[in-house]
$ cat final19.pdb   # PDB, C-alpha atoms and all ligand atoms
ATOM      1  CA  MET T1187      62.231 243.300 119.685  1.00  0.00           C
ATOM      2  CA  ARG T1188      60.888 242.196 123.024  1.00  0.00           C
ATOM      3  CA  ALA T1189      57.496 241.362 121.478  1.00  0.00           C
ATOM      4  CA  VAL T1190      59.163 239.211 118.847  1.00  0.00           C
ATOM      5  CA  LEU T1191      61.069 237.286 121.488  1.00  0.00           C
ATOM      6  CA  LEU T1192      57.940 236.820 123.560  1.00  0.00           C
ATOM      7  CA  THR T1193      56.028 235.489 120.571  1.00  0.00           C
ATOM      8  CA  ALA T1194      58.827 233.073 119.803  1.00  0.00           C
ATOM      9  CA  ALA T1195      58.829 231.856 123.398  1.00  0.00           C
ATOM     10  CA  VAL T1196      55.078 231.288 123.389  1.00  0.00           C
ATOM     11  CA  LEU T1197      55.284 229.396 120.115  1.00  0.00           C
ATOM     12  CA  ALA T1198      58.086 227.216 121.439  1.00  0.00           C
ATOM     13  CA  ALA T1199      56.084 226.451 124.561  1.00  0.00           C
ATOM     14  CA  LEU T1200      53.057 225.494 122.496  1.00  0.00           C
ATOM     15  CA  LEU T1201      55.100 223.226 120.252  1.00  0.00           C
ATOM     16  CA  ALA T1202      56.757 221.569 123.246  1.00  0.00           C
ATOM     17  CA  ALA T1203      53.470 220.953 125.031  1.00  0.00           C
ATOM     18  CA  PRO T1204      52.653 217.270 125.346  1.00  0.00           C
ATOM     19  CA  THR T1205      49.929 216.082 123.025  1.00  0.00           C
ATOM     20  CA  ALA T1206      48.111 214.475 125.919  1.00  0.00           C
ATOM     21  CA  ALA T1207      44.789 215.968 124.946  1.00  0.00           C
ATOM     22  CA  ALA T1208      44.651 213.568 122.026  1.00  0.00           C
ATOM     23  CA  GLN T1209      44.722 210.633 124.430  1.00  0.00           C
ATOM     24  CA  ASP T1210      41.887 211.420 126.797  1.00  0.00           C
ATOM     25  CA  ASN T1211      43.726 212.225 130.011  1.00  0.00           C
ATOM     26  CA  CYS T1212      46.448 209.645 129.611  1.00  0.00           C
ATOM     27  CA  ASP T1213      49.927 210.839 130.510  1.00  0.00           C
ATOM     28  CA  PRO T1214      52.169 210.845 127.405  1.00  0.00           C
ATOM     29  CA  ASN T1215      55.180 209.758 129.477  1.00  0.00           C
ATOM     30  CA  TYR T1216      53.757 206.265 129.763  1.00  0.00           C
ATOM     31  CA  SER T1217      52.318 203.739 127.337  1.00  0.00           C
ATOM     32  CA  GLY T1218      49.139 202.255 128.579  1.00  0.00           C
ATOM     33  CA  CYS T1219      46.934 204.787 130.271  1.00  0.00           C
ATOM     34  CA  VAL T1220      48.417 206.476 133.299  1.00  0.00           C
ATOM     35  CA  PRO T1221      46.047 209.223 134.425  1.00  0.00           C
ATOM     36  CA  ILE T1222      47.141 212.840 134.485  1.00  0.00           C
ATOM     37  CA  ALA T1223      46.877 214.073 138.058  1.00  0.00           C
ATOM     38  CA  SER T1224      48.783 215.986 140.698  1.00  0.00           C
ATOM     39  CA  ASP T1225      50.171 212.592 141.733  1.00  0.00           C
ATOM     40  CA  VAL T1226      49.658 209.016 140.614  1.00  0.00           C
ATOM     41  CA  ASP T1227      50.529 205.999 142.738  1.00  0.00           C
ATOM     42  CA  CYS T1228      50.448 202.265 142.098  1.00  0.00           C
ATOM     43  CA  GLN T1229      47.115 200.737 143.025  1.00  0.00           C
ATOM     44  CA  ASN T1230      48.711 198.084 145.220  1.00  0.00           C
ATOM     45  CA  GLY T1231      51.295 200.348 146.767  1.00  0.00           C
ATOM     46  CA  GLY T1232      51.079 202.470 149.843  1.00  0.00           C
ATOM     47  CA  GLY T1233      50.759 205.765 148.011  1.00  0.00           C
ATOM     48  CA  ASP T1234      48.194 208.367 148.885  1.00  0.00           C
ATOM     49  CA  GLY T1235      47.023 209.145 145.369  1.00  0.00           C
ATOM     50  CA  PRO T1236      44.937 211.092 144.503  1.00  0.00           C
ATOM     51  CA  ALA T1237      45.075 208.992 141.327  1.00  0.00           C
ATOM     52  CA  TYR T1238      46.122 205.356 140.987  1.00  0.00           C
ATOM     53  CA  LEU T1239      47.412 203.111 138.228  1.00  0.00           C
ATOM     54  CA  SER T1240      45.906 199.656 138.174  1.00  0.00           C
ATOM     55  CA  GLY T1241      48.259 197.163 136.575  1.00  0.00           C
ATOM     56  CA  SER T1242      51.524 198.270 135.035  1.00  0.00           C
ATOM     57  CA  ALA T1243      52.585 200.615 132.261  1.00  0.00           C
ATOM     58  CA  GLN T1244      55.730 201.165 130.227  1.00  0.00           C
ATOM     59  CA  VAL T1245      57.686 204.342 130.843  1.00  0.00           C
ATOM     60  CA  ILE T1246      58.287 205.929 127.419  1.00  0.00           C
ATOM     61  CA  GLY T1247      59.175 209.411 128.617  1.00  0.00           C
ATOM     62  CA  VAL T1248      60.015 210.802 132.024  1.00  0.00           C
ATOM     63  CA  ASP T1249      58.752 208.868 135.051  1.00  0.00           C
ATOM     64  CA  ILE T1250      57.212 211.989 136.535  1.00  0.00           C
ATOM     65  CA  TYR T1251      55.135 210.090 139.074  1.00  0.00           C
ATOM     66  CA  LYS T1252      58.039 207.904 140.225  1.00  0.00           C
ATOM     67  CA  LEU T1253      56.093 204.756 139.471  1.00  0.00           C
ATOM     68  CA  ASP T1254      59.169 202.831 138.279  1.00  0.00           C
ATOM     69  CA  ARG T1255      61.055 202.402 141.512  1.00  0.00           C
ATOM     70  CA  ASP T1256      63.413 199.709 140.177  1.00  0.00           C
ATOM     71  CA  LYS T1257      64.147 201.675 136.960  1.00  0.00           C
ATOM     72  CA  ASN T1258      63.524 198.795 134.587  1.00  0.00           C
ATOM     73  CA  GLY T1259      61.232 200.859 132.401  1.00  0.00           C
ATOM     74  CA  ILE T1260      58.029 199.314 133.716  1.00  0.00           C
ATOM     75  CA  ALA T1261      55.861 201.292 136.092  1.00  0.00           C
ATOM     76  CA  CYS T1262      54.140 199.500 138.936  1.00  0.00           C
ATOM     77  CA  ASP T1263      55.681 196.064 138.265  1.00  0.00           C
TER
HETATM   78 CA    CA B   1      59.718 198.939 137.541  1.00  0.00          CA
END

$ encode --input "final19.pdb" --output "structure tokens" --more "lines below"
Ligand SMILES: [Ca+2]
Amino acid sequence: MRAVLLTAAVLAALLAAPTAAAQDNCDPNYSGCVPIASDVDCQNGGGDGPAYLSGSAQVIGVDIYKLDRDKNGIACD
């Protein structure tokens, strides 16, 4: 019984995994290409990186990098 539950949990995790690999290191939470990194900051902001977004991007998922400070759906605007 435990093995069945474990298998189900692994399958669910795999199905829920973002399909980011299809987009060459672009984070699926944003349209436009926001890099996948431990942290991403706006190029013109005062953030410490290690990755930066040049220009803006639309938030289509969760703003995991907190790039949309004014919550209007556009990151780094
Ligand atoms: Ca914004």

$ atom_distance --input "final19.pdb" --atom1 "CA of Asn1230 (chain T)" --atom2 "CA of Asp1256 (chain T)"
15.6 Å

$ closest_residue --input "final19.pdb" --among "T:Gly1232, T:Asp1263, T:Ala1237, T:Ala1243" --to "Gly1218 (chain T)" --atoms "only C-alpha atoms"
T:Ala1243

$ resolve_selection --input "final19.pdb" --expression "the PyMOL selection byres (((not hetatm)) within 9 of (chain B and resi 1))" --output "compact mmCIF listing (two decimals) with C-alpha atoms, in the frame of the given file"
# COMPACT_ATOMS: atom_id res chain seq x y z
CA SER T 1242 51.52 198.27 135.04
CA GLN T 1244 55.73 201.16 130.23
CA VAL T 1245 57.69 204.34 130.84
CA LEU T 1253 56.09 204.76 139.47
CA ASP T 1254 59.17 202.83 138.28
CA ARG T 1255 61.06 202.40 141.51
CA ASP T 1256 63.41 199.71 140.18
CA LYS T 1257 64.15 201.68 136.96
CA ASN T 1258 63.52 198.80 134.59
CA GLY T 1259 61.23 200.86 132.40
CA ILE T 1260 58.03 199.31 133.72
CA ALA T 1261 55.86 201.29 136.09
CA CYS T 1262 54.14 199.50 138.94
CA ASP T 1263 55.68 196.06 138.26

$ closest_residue --input "final19.pdb" --among "T:Tyr1216, T:Asn1211, T:Val1248, T:Pro1221" --to "Pro1236 (chain T)" --atoms "all atoms listed in the file"
T:Pro1221

$ residues_around --input "final19.pdb" --residues "Ser1240 (chain T)" --least-positions-apart "4" --cutoff "10 Å" --atoms "all atoms listed in the file" --output "list in words"
Cys1219, Val1220, Asp1227, Cys1228, Gln1229, Asn1230 and Cys1262 of chain T
